[in-house]
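Just below is one structure, and these are the notes that go with it.
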Amino acid sequence: MQFLRSILTKAFHPAPVKSADAPAEIPVAVRPITGLQLAPAVTVRRLALVAWLASRRAVRANIPELAYLRTQHALYRATAPRDVSAPIPETEIDGAGDLVVRFVGGEQHPSDAIFDSDADLSGLHGPIAAEAAYQRNASQAAAVAVARKLEEKESDSRTTERQLREREDELEEVQASNARAAQTRTDALERGDAKIDAPLAPPSLWDIVCFRTFEFATVAGESMNAFAALANAAGLDPSNLPTEWASGAAPAIVGWAIAAMTIGALLFVIAEWAFARIAASMQEPEDPTRAFRLTTAIAALIFDACVVAAIAYLRAQLGTAGHVSVAAWCVYFLMGAAPLIGGALVHLHTNTLIEQRAEALRIADTPSAADLAQQLRTAREETLIAERDRLRARRDEIVNAIQLLNAQMHGAEQAVRDIARHETAVVLKWLDSLRAALAQDRKHFEHHARAWNRTHLLAETAATAPQGATLVAMRKRRAQ
């Protein structure tokens, strides 16, 4: 019963027995922070029951402990990690049955040689030396490329910083100039040295619009006056145009209306041109063409007067039913000439108002020397501010690029360190499991050897040299 209980206890408490390629939990101290694919942790696992049975069978077969342990060691050695760059030590069983571990070229991972410029690779052999040399060369080449790119970025950063300082100095100088100019003008105003111009009052735009409307009304009135005279002369009744239109006189009505509008516009234009010519001749008494101007202007006015007189005569015939009198003709002549003269004078006055308004606006829009200097300084300040903002954005971009480059360098270095630390941990974990499996096999072997009184199979007995003995002859007893 005690024997069965011992077997069940050992069966339900497994110990390292056989190889397991499943990833094992990594301690916090060597847990990687990168997302790279890492080598799985390989351990030697062996069930306690299997180890107990195997050692019992070896003792019964009188297999020496050294041979048994070396055979198990050869089996366990086949489970060593294969997909790591970390150095895997050479292991063997010595004459005392102990596990001897020898790291060829040291325990340092080949990746550690990247960060140690003084590391000596001569002690490494085989693939480990090649891997260490390759990683060091690759790291040095990458460092040179990154250093060159980093130097370019830092050179751009220094250039940008210098330009930014220059713009800042220029901006401060412009702002100081603005402050000095404003203070100077304030002091001049306080002392009364500065000349203050009276505010300009340009003519109202509404007045100009009203005068132009009056001009169009004058032309319309003259056109109506001429239309009544021309229609009467053509045999049409101006007072009964709907009837005349219905009776088939529509083309004549339209034609005489166009003629009347043309005559009214021409009369107004000729009168305005004559008055403008007379005004120009009066303002330039030294002009040699003054007499000619006056003559032509008077001739134009006489022509207008004749046309107005003719229209007045026709209107008088219409108004007096063919009994024209001098009084009636004078009335119609004055009614036609007064609006024409007034409209021409209003036109000249409107032109004068327009010129005065344009001059006032031009003067108002023309800055003084101080205002112009202030505007130039303000424009220069805005340009400098825009350039400063652009340089600041460029500097921030370069700084971000440098920080990103440094972060990538440190991230790559950290990734290599993490992988090296993880692979070293995988090798050490496998080595610990190997040592534990061999220790368990040795424990069970020694237990069975002592239980069956076969201690001569143990490694301790074989390692102990036999001591020399002296044979002493026994004295024979005398027969009595």
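In the structure tokens, chains take letters A, B, ... by order of appearance, with residues numbered from 1 within each chain and ligands from 1 in the order shown.
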Quick one: residues within 12 Å of range 376-381 of chain A, only C-alpha atoms, excluding same-chain residues fewer than 2 positions away - as a PyMOL selection string? chain A and resi 167-182+367+369-374+383-388
Within 8 Å of Arg56 in chain A, counting only C-alpha atoms, which residues show up once you throw out same-chain ones fewer than 6 positions away? Write them as a ChimeraX atom specification, please. /A:444-445,448
Expected file contents, prior selection, C-alpha atoms, as a compact mmCIF listing (two decimals), in the first residue's frame:
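Heads up, here's the output in out28.txt:
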```txt
# COMPACT_ATOMS: atom_id res chain seq x y z
CA HIS A 444 16.04 8.15 -8.33
CA PHE A 445 19.03 6.12 -9.54
CA HIS A 448 17.24 2.34 -6.18
```
Every residue of range 92-300 of chain A that DSSP places in helix (DSSP H, G or I), as a VMD selection string: chain A and resid 112 to 115 126 to 191 205 to 233 238 to 246 250 to 283 290 to 300
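Of note, CA of Pro81 in chain A and CA of Glu423 in chain A are spaced 9.2 Å apart.
One distance worth recording is that between CA of Ala58 in chain A and CA of Ala451 in chain A, which is 13.5 Å.
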Interatomic distance between CA of Glu92 in chain A and CA of Ala48 in chain A?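 Spanning CA of Glu92 in chain A to CA of Ala48 in chain A is a straight-line distance of 22.5 Å.
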